[in-house]
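Notes to accompany the following structure.
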Amino acid sequence: MKQLVKLFSIVFCAMALYACGSDDEPGKSALQDQFIDVDNSEYTEGSIPVGNTPMLQAATFDKAALPGGTSYLTLNSYEELDYVNIGVEGESGYLKVKLDTPVTAQGRATTNDKIYTYTVLVLLSQNLTSSFTLVFTTVNKQGEVSSQFTSKTNYIEAGTGDLQVNLRFSNEKDVDLYVVEPNGNVIYYGQPFPYYSKEYEIINDWLESDDYENEPDVEWGKIGLDIDSNAGCDIDGKNSENIFFKIIVR
């Protein structure tokens, strides 16, 4: 049975909502414009700080990235952290991210009593065009810096348009994104196109004809729902749903 995710003004899981097309903004760094950003982070020029203090038990970052989407960086530390520095391999500058109060758990198979878990929501640029390697270091409360960690992330092509709604989920399930348009049309896996599109008219004319054996040939991914991840529980590793629009001026 499918899990239904309806968006009215409520967002479930990790969803990024982009408007007005490009990410280009005055004063935005190339790192933020072309690759990644984090809300309330501080961009710093130069090389990412690197130390040698051991403090992380484990760290994970999503293996798939699509333009305009989101990804999680999860840090499990032996001690409380103050900051994480995040960059992209080969790109100048990095983001200094202040870490909020962590979730603590009892340590297992370690000499420490607790493991501190931090989750950072990383915003992926709508201008993203290729795979990249995330680089990061952590800073503890004493100001000591960890060694550098890397995580390879694979690019997934997706539409961005003038308005984009992206749903990112962390496990391999068939989660579905539903978007309700102002006229009441619901965009989802059963009707992937917005009401003003030619494709919408073709699909609805076909449904009304009851001629289900002769499905019309429409270009999937041109507009509307273009990423339907893990459809029918056929796991594809993307763990993301994406719907995009183009603004029509009448």
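Residue names in the structure tokens use chain letters A, B, ... in the order shown, residue numbers from 1 in each chain, and ligand numbers from 1 in the order shown.
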
Handout entry: All residues 10 Å or closer to Asn171 of chain A, only C-alpha atoms, same chain fewer than 5 positions away omitted, as a VMD selection string
Key = chain A and resid 237 to 240

Give me the residues within 7 Å of segment 146-156 of chain A as a PDB file with all heavy atoms, in the first residue's frame, counting only C-alpha atoms and dropping any in the same chain fewer than 4 places off.
ATOM      1  N   VAL A  50      41.613  21.788   8.442  1.00  0.00           N
ATOM      2  CA  VAL A  50      41.836  20.352   8.637  1.00  0.00           C
ATOM      3  C   VAL A  50      42.752  20.153   9.843  1.00  0.00           C
ATOM      4  O   VAL A  50      43.782  20.824   9.968  1.00  0.00           O
ATOM      5  CB  VAL A  50      42.468  19.698   7.394  1.00  0.00           C
ATOM      6  CG1 VAL A  50      42.732  18.216   7.640  1.00  0.00           C
ATOM      7  CG2 VAL A  50      41.571  19.884   6.181  1.00  0.00           C
ATOM      8  N   GLY A  51      42.359  19.247  10.735  1.00  0.00           N
ATOM      9  CA  GLY A  51      43.173  18.927  11.899  1.00  0.00           C
ATOM     10  C   GLY A  51      43.420  17.439  11.987  1.00  0.00           C
ATOM     11  O   GLY A  51      43.354  16.724  10.979  1.00  0.00           O
ATOM     12  N   ASN A  52      43.649  16.949  13.183  1.00  0.00           N
ATOM     13  CA  ASN A  52      43.895  15.512  13.361  1.00  0.00           C
ATOM     14  C   ASN A  52      43.275  14.972  14.641  1.00  0.00           C
ATOM     15  O   ASN A  52      43.641  13.896  15.106  1.00  0.00           O
ATOM     16  CB  ASN A  52      45.391  15.219  13.332  1.00  0.00           C
ATOM     17  CG  ASN A  52      46.153  16.014  14.382  1.00  0.00           C
ATOM     18  OD1 ASN A  52      45.562  16.615  15.280  1.00  0.00           O
ATOM     19  ND2 ASN A  52      47.478  16.020  14.251  1.00  0.00           N
ATOM     20  N   THR A  53      42.332  15.740  15.235  1.00  0.00           N
ATOM     21  CA  THR A  53      41.704  15.286  16.473  1.00  0.00           C
ATOM     22  C   THR A  53      40.596  14.283  16.164  1.00  0.00           C
ATOM     23  O   THR A  53      39.645  14.611  15.448  1.00  0.00           O
ATOM     24  CB  THR A  53      41.112  16.474  17.252  1.00  0.00           C
ATOM     25  OG1 THR A  53      42.143  17.420  17.526  1.00  0.00           O
ATOM     26  CG2 THR A  53      40.475  16.011  18.551  1.00  0.00           C
ATOM     27  N   PRO A  54      40.677  13.048  16.679  1.00  0.00           N
ATOM     28  CA  PRO A  54      39.614  12.062  16.433  1.00  0.00           C
ATOM     29  C   PRO A  54      38.367  12.417  17.231  1.00  0.00           C
ATOM     30  O   PRO A  54      38.444  12.641  18.440  1.00  0.00           O
ATOM     31  CB  PRO A  54      40.229  10.746  16.905  1.00  0.00           C
ATOM     32  CG  PRO A  54      41.247  11.155  17.919  1.00  0.00           C
ATOM     33  CD  PRO A  54      41.765  12.487  17.498  1.00  0.00           C
ATOM     34  N   MET A  55      37.216  12.508  16.568  1.00  0.00           N
ATOM     35  CA  MET A  55      35.979  12.833  17.286  1.00  0.00           C
ATOM     36  C   MET A  55      34.745  12.192  16.671  1.00  0.00           C
ATOM     37  O   MET A  55      33.710  12.107  17.313  1.00  0.00           O
ATOM     38  CB  MET A  55      35.801  14.348  17.400  1.00  0.00           C
ATOM     39  CG  MET A  55      35.744  15.102  16.095  1.00  0.00           C
ATOM     40  SD  MET A  55      35.710  16.925  16.333  1.00  0.00           S
ATOM     41  CE  MET A  55      37.417  17.285  16.710  1.00  0.00           C
ATOM     42  N   PHE A  61      26.354  10.783   4.173  1.00  0.00           N
ATOM     43  CA  PHE A  61      25.738  11.788   3.311  1.00  0.00           C
ATOM     44  C   PHE A  61      25.036  11.051   2.188  1.00  0.00           C
ATOM     45  O   PHE A  61      25.506   9.997   1.737  1.00  0.00           O
ATOM     46  CB  PHE A  61      26.795  12.744   2.753  1.00  0.00           C
ATOM     47  CG  PHE A  61      26.241  13.911   1.980  1.00  0.00           C
ATOM     48  CD1 PHE A  61      25.490  14.886   2.621  1.00  0.00           C
ATOM     49  CD2 PHE A  61      26.467  14.031   0.624  1.00  0.00           C
ATOM     50  CE1 PHE A  61      24.980  15.969   1.914  1.00  0.00           C
ATOM     51  CE2 PHE A  61      25.962  15.107  -0.092  1.00  0.00           C
ATOM     52  CZ  PHE A  61      25.216  16.084   0.554  1.00  0.00           C
ATOM     53  N   ASP A  62      23.905  11.575   1.727  1.00  0.00           N
ATOM     54  CA  ASP A  62      23.142  10.899   0.688  1.00  0.00           C
ATOM     55  C   ASP A  62      23.991  10.646  -0.555  1.00  0.00           C
ATOM     56  O   ASP A  62      24.764  11.507  -0.981  1.00  0.00           O
ATOM     57  CB  ASP A  62      21.911  11.728   0.301  1.00  0.00           C
ATOM     58  CG  ASP A  62      20.900  11.800   1.433  1.00  0.00           C
ATOM     59  OD1 ASP A  62      20.907  10.901   2.284  1.00  0.00           O
ATOM     60  OD2 ASP A  62      20.111  12.756   1.458  1.00  0.00           O
ATOM     61  N   LYS A  63      23.818   9.477  -1.150  1.00  0.00           N
ATOM     62  CA  LYS A  63      24.612   9.086  -2.314  1.00  0.00           C
ATOM     63  C   LYS A  63      24.041   9.613  -3.623  1.00  0.00           C
ATOM     64  O   LYS A  63      24.677   9.510  -4.672  1.00  0.00           O
ATOM     65  CB  LYS A  63      24.730   7.561  -2.382  1.00  0.00           C
ATOM     66  CG  LYS A  63      25.407   6.933  -1.168  1.00  0.00           C
ATOM     67  CD  LYS A  63      26.823   7.459  -0.990  1.00  0.00           C
ATOM     68  CE  LYS A  63      27.506   6.780   0.191  1.00  0.00           C
ATOM     69  NZ  LYS A  63      28.861   7.345   0.427  1.00  0.00           N
ATOM     70  N   ALA A  64      22.819  10.156  -3.582  1.00  0.00           N
ATOM     71  CA  ALA A  64      22.188  10.667  -4.793  1.00  0.00           C
ATOM     72  C   ALA A  64      21.847  12.141  -4.601  1.00  0.00           C
ATOM     73  O   ALA A  64      21.411  12.550  -3.529  1.00  0.00           O
ATOM     74  CB  ALA A  64      20.923   9.877  -5.111  1.00  0.00           C
ATOM     75  N   ALA A  65      22.064  12.943  -5.644  1.00  0.00           N
ATOM     76  CA  ALA A  65      21.787  14.377  -5.569  1.00  0.00           C
ATOM     77  C   ALA A  65      21.139  14.839  -6.863  1.00  0.00           C
ATOM     78  O   ALA A  65      21.647  14.565  -7.953  1.00  0.00           O
ATOM     79  CB  ALA A  65      23.080  15.146  -5.327  1.00  0.00           C
ATOM     80  N   LEU A  66      20.014  15.531  -6.745  1.00  0.00           N
ATOM     81  CA  LEU A  66      19.390  16.098  -7.939  1.00  0.00           C
ATOM     82  C   LEU A  66      19.237  17.602  -7.766  1.00  0.00           C
ATOM     83  O   LEU A  66      19.097  18.102  -6.652  1.00  0.00           O
ATOM     84  CB  LEU A  66      18.059  15.423  -8.247  1.00  0.00           C
ATOM     85  CG  LEU A  66      16.923  15.411  -7.224  1.00  0.00           C
ATOM     86  CD1 LEU A  66      16.133  16.703  -7.233  1.00  0.00           C
ATOM     87  CD2 LEU A  66      15.991  14.247  -7.519  1.00  0.00           C
ATOM     88  N   SER A 130      26.410  18.071 -12.236  1.00  0.00           N
ATOM     89  CA  SER A 130      27.330  16.933 -12.244  1.00  0.00           C
ATOM     90  C   SER A 130      27.442  16.319 -10.853  1.00  0.00           C
ATOM     91  O   SER A 130      27.041  16.935  -9.856  1.00  0.00           O
ATOM     92  CB  SER A 130      28.718  17.373 -12.714  1.00  0.00           C
ATOM     93  OG  SER A 130      29.283  18.313 -11.799  1.00  0.00           O
ATOM     94  N   SER A 131      28.005  15.131 -10.810  1.00  0.00           N
ATOM     95  CA  SER A 131      28.318  14.504  -9.526  1.00  0.00           C
ATOM     96  C   SER A 131      29.411  15.302  -8.823  1.00  0.00           C
ATOM     97  O   SER A 131      30.168  16.047  -9.468  1.00  0.00           O
ATOM     98  CB  SER A 131      28.789  13.062  -9.739  1.00  0.00           C
ATOM     99  OG  SER A 131      27.790  12.291 -10.378  1.00  0.00           O
ATOM    100  N   PHE A 132      29.512  15.166  -7.506  1.00  0.00           N
ATOM    101  CA  PHE A 132      30.542  15.887  -6.768  1.00  0.00           C
ATOM    102  C   PHE A 132      30.917  15.105  -5.512  1.00  0.00           C
ATOM    103  O   PHE A 132      30.212  14.172  -5.110  1.00  0.00           O
ATOM    104  CB  PHE A 132      30.075  17.297  -6.389  1.00  0.00           C
ATOM    105  CG  PHE A 132      28.899  17.333  -5.448  1.00  0.00           C
ATOM    106  CD1 PHE A 132      29.082  17.386  -4.068  1.00  0.00           C
ATOM    107  CD2 PHE A 132      27.595  17.315  -5.929  1.00  0.00           C
ATOM    108  CE1 PHE A 132      28.006  17.415  -3.195  1.00  0.00           C
ATOM    109  CE2 PHE A 132      26.505  17.347  -5.071  1.00  0.00           C
ATOM    110  CZ  PHE A 132      26.712  17.397  -3.699  1.00  0.00           C
ATOM    111  N   THR A 133      32.024  15.509  -4.915  1.00  0.00           N
ATOM    112  CA  THR A 133      32.477  14.892  -3.672  1.00  0.00           C
ATOM    113  C   THR A 133      32.380  15.922  -2.553  1.00  0.00           C
ATOM    114  O   THR A 133      33.025  16.971  -2.613  1.00  0.00           O
ATOM    115  CB  THR A 133      33.917  14.374  -3.785  1.00  0.00           C
ATOM    116  OG1 THR A 133      33.965  13.356  -4.790  1.00  0.00           O
ATOM    117  CG2 THR A 133      34.386  13.782  -2.464  1.00  0.00           C
ATOM    118  N   LEU A 134      31.555  15.632  -1.556  1.00  0.00           N
ATOM    119  CA  LEU A 134      31.435  16.501  -0.390  1.00  0.00           C
ATOM    120  C   LEU A 134      32.646  16.296   0.515  1.00  0.00           C
ATOM    121  O   LEU A 134      33.084  15.167   0.730  1.00  0.00           O
ATOM    122  CB  LEU A 134      30.158  16.167   0.378  1.00  0.00           C
ATOM    123  CG  LEU A 134      29.736  17.178   1.450  1.00  0.00           C
ATOM    124  CD1 LEU A 134      29.022  18.353   0.794  1.00  0.00           C
ATOM    125  CD2 LEU A 134      28.827  16.528   2.482  1.00  0.00           C
ATOM    126  N   VAL A 135      33.198  17.397   1.021  1.00  0.00           N
ATOM    127  CA  VAL A 135      34.294  17.319   1.982  1.00  0.00           C
ATOM    128  C   VAL A 135      33.862  18.053   3.248  1.00  0.00           C
ATOM    129  O   VAL A 135      33.167  19.062   3.176  1.00  0.00           O
ATOM    130  CB  VAL A 135      35.607  17.916   1.425  1.00  0.00           C
ATOM    131  CG1 VAL A 135      36.090  17.126   0.227  1.00  0.00           C
ATOM    132  CG2 VAL A 135      35.435  19.380   1.056  1.00  0.00           C
ATOM    133  N   PHE A 136      34.260  17.541   4.410  1.00  0.00           N
ATOM    134  CA  PHE A 136      33.872  18.205   5.648  1.00  0.00           C
ATOM    135  C   PHE A 136      34.812  17.854   6.790  1.00  0.00           C
ATOM    136  O   PHE A 136      35.448  16.798   6.797  1.00  0.00           O
ATOM    137  CB  PHE A 136      32.420  17.857   6.028  1.00  0.00           C
ATOM    138  CG  PHE A 136      32.148  16.393   6.201  1.00  0.00           C
ATOM    139  CD1 PHE A 136      32.214  15.792   7.448  1.00  0.00           C
ATOM    140  CD2 PHE A 136      31.818  15.603   5.104  1.00  0.00           C
ATOM    141  CE1 PHE A 136      31.958  14.439   7.610  1.00  0.00           C
ATOM    142  CE2 PHE A 136      31.556  14.248   5.242  1.00  0.00           C
ATOM    143  CZ  PHE A 136      31.630  13.663   6.507  1.00  0.00           C
ATOM    144  N   THR A 137      34.899  18.790   7.727  1.00  0.00           N
ATOM    145  CA  THR A 137      35.628  18.570   8.979  1.00  0.00           C
ATOM    146  C   THR A 137      34.747  19.070  10.113  1.00  0.00           C
ATOM    147  O   THR A 137      33.867  19.925   9.905  1.00  0.00           O
ATOM    148  CB  THR A 137      36.967  19.324   9.007  1.00  0.00           C
ATOM    149  OG1 THR A 137      36.731  20.739   8.904  1.00  0.00           O
ATOM    150  CG2 THR A 137      37.869  18.879   7.874  1.00  0.00           C
ATOM    151  N   THR A 138      34.951  18.564  11.305  1.00  0.00           N
ATOM    152  CA  THR A 138      34.171  18.994  12.460  1.00  0.00           C
ATOM    153  C   THR A 138      35.071  19.709  13.467  1.00  0.00           C
ATOM    154  O   THR A 138      36.281  19.507  13.496  1.00  0.00           O
ATOM    155  CB  THR A 138      33.489  17.792  13.141  1.00  0.00           C
ATOM    156  OG1 THR A 138      34.483  16.816  13.498  1.00  0.00           O
ATOM    157  CG2 THR A 138      32.467  17.150  12.207  1.00  0.00           C
ATOM    158  N   VAL A 139      34.430  20.553  14.283  1.00  0.00           N
ATOM    159  CA  VAL A 139      35.133  21.317  15.306  1.00  0.00           C
ATOM    160  C   VAL A 139      34.423  21.091  16.637  1.00  0.00           C
ATOM    161  O   VAL A 139      33.202  21.274  16.736  1.00  0.00           O
ATOM    162  CB  VAL A 139      35.146  22.827  14.976  1.00  0.00           C
ATOM    163  CG1 VAL A 139      35.931  23.600  16.034  1.00  0.00           C
ATOM    164  CG2 VAL A 139      35.719  23.074  13.583  1.00  0.00           C
TER     165      VAL A 139
END

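Ranking A:Asn85, A:Asn76, A:Thr101, A:Thr129 by their shortest atom-to-atom distance to Ile48 of chain A, with only C-alpha atoms included, puts A:Asn85 first.
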
Exercise for the section: Go through segment 18-250 of chain A and collect every residue that DSSP, computed from the backbone, puts in strand (DSSP E); the answer should be as a VMD selection string. Expected result: chain A and resid 18 to 19 36 to 37 42 to 44 56 to 61 64 to 65 70 to 77 81 to 88 94 to 98 103 to 106 114 to 124 132 to 140 149 to 155 163 to 168 175 to 180 186 to 187 224 to 228 240 to 245

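Counting only C-alpha atoms, the residue from A:Gly190, A:Pro102, A:Gly159, A:Gly90 that sits nearest to Tyr78 of chain A is A:Pro102.
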
Practice task
Name the residues of segment 99-231 of chain A that fall into helix (DSSP H, G or I) according to DSSP on the backbone, using the chain letters and numbers of this document, as a list in words.
Solution key: Lys198, Glu199, Tyr200, Glu201, Ile202, Ile203, Asn204, Asp205, Trp206, Leu207, Glu208, Ser209 and Ala231 of chain A

Restrict the selected residues to N, CA, C and O atoms and save them as a short mmCIF file (atom, residue, chain, number, x, y, z; two decimals), in the first residue's frame.
data_model
loop_
_atom_site.label_atom_id
_atom_site.label_comp_id
_atom_site.auth_asym_id
_atom_site.auth_seq_id
_atom_site.Cartn_x
_atom_site.Cartn_y
_atom_site.Cartn_z
N LYS A 198 -0.33 20.61 -22.40
CA LYS A 198 -0.91 19.81 -23.49
C LYS A 198 -0.98 18.34 -23.08
O LYS A 198 -1.93 17.63 -23.43
N GLU A 199 0.03 17.90 -22.34
CA GLU A 199 0.08 16.50 -21.91
C GLU A 199 -1.10 16.16 -21.00
O GLU A 199 -1.65 15.06 -21.05
N TYR A 200 -1.49 17.11 -20.17
CA TYR A 200 -2.64 16.92 -19.28
C TYR A 200 -3.90 16.67 -20.10
O TYR A 200 -4.68 15.76 -19.79
N GLU A 201 -4.10 17.46 -21.13
CA GLU A 201 -5.28 17.30 -21.98
C GLU A 201 -5.28 15.94 -22.68
O GLU A 201 -6.33 15.28 -22.77
N ILE A 202 -4.12 15.51 -23.16
CA ILE A 202 -4.03 14.23 -23.85
C ILE A 202 -4.37 13.07 -22.91
O ILE A 202 -5.14 12.16 -23.26
N ILE A 203 -3.81 13.10 -21.69
CA ILE A 203 -4.07 12.04 -20.71
C ILE A 203 -5.54 12.00 -20.33
O ILE A 203 -6.16 10.92 -20.26
N ASN A 204 -6.15 13.15 -20.09
CA ASN A 204 -7.55 13.17 -19.66
C ASN A 204 -8.50 12.76 -20.78
O ASN A 204 -9.50 12.09 -20.53
N ASP A 205 -8.19 13.15 -22.01
CA ASP A 205 -9.01 12.71 -23.14
C ASP A 205 -8.95 11.19 -23.26
O ASP A 205 -9.96 10.53 -23.55
N TRP A 206 -7.77 10.63 -23.03
CA TRP A 206 -7.61 9.17 -23.11
C TRP A 206 -8.39 8.47 -21.99
O TRP A 206 -9.08 7.48 -22.23
N LEU A 207 -8.33 9.00 -20.77
CA LEU A 207 -9.06 8.40 -19.65
C LEU A 207 -10.57 8.45 -19.87
O LEU A 207 -11.29 7.51 -19.54
N GLU A 208 -11.05 9.56 -20.43
CA GLU A 208 -12.49 9.69 -20.67
C GLU A 208 -12.96 8.79 -21.80
O GLU A 208 -14.15 8.46 -21.89
N SER A 209 -12.04 8.36 -22.68
CA SER A 209 -12.43 7.52 -23.82
C SER A 209 -12.61 6.05 -23.43
O SER A 209 -13.18 5.28 -24.20
N ALA A 231 9.09 3.35 -7.67
CA ALA A 231 7.72 3.08 -8.09
C ALA A 231 7.44 1.58 -8.09
O ALA A 231 8.24 0.79 -8.61
#

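Counting only C-alpha atoms, the residue from A:Gly69, A:Asp37, A:Tyr178, A:Lys114 that sits nearest to Ile86 of chain A is A:Asp37.
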
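Residues lying within 7 Å of Ile227 of chain A, counting only C-alpha atoms and ignoring same-chain neighbours fewer than 5 positions away, are A:Ala158, A:Ser240, A:Glu241, A:Asn242.
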
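Atom pair atom CA of Glu79 of chain A / atom CA of Leu95 of chain A: separated by 21.3 Å.
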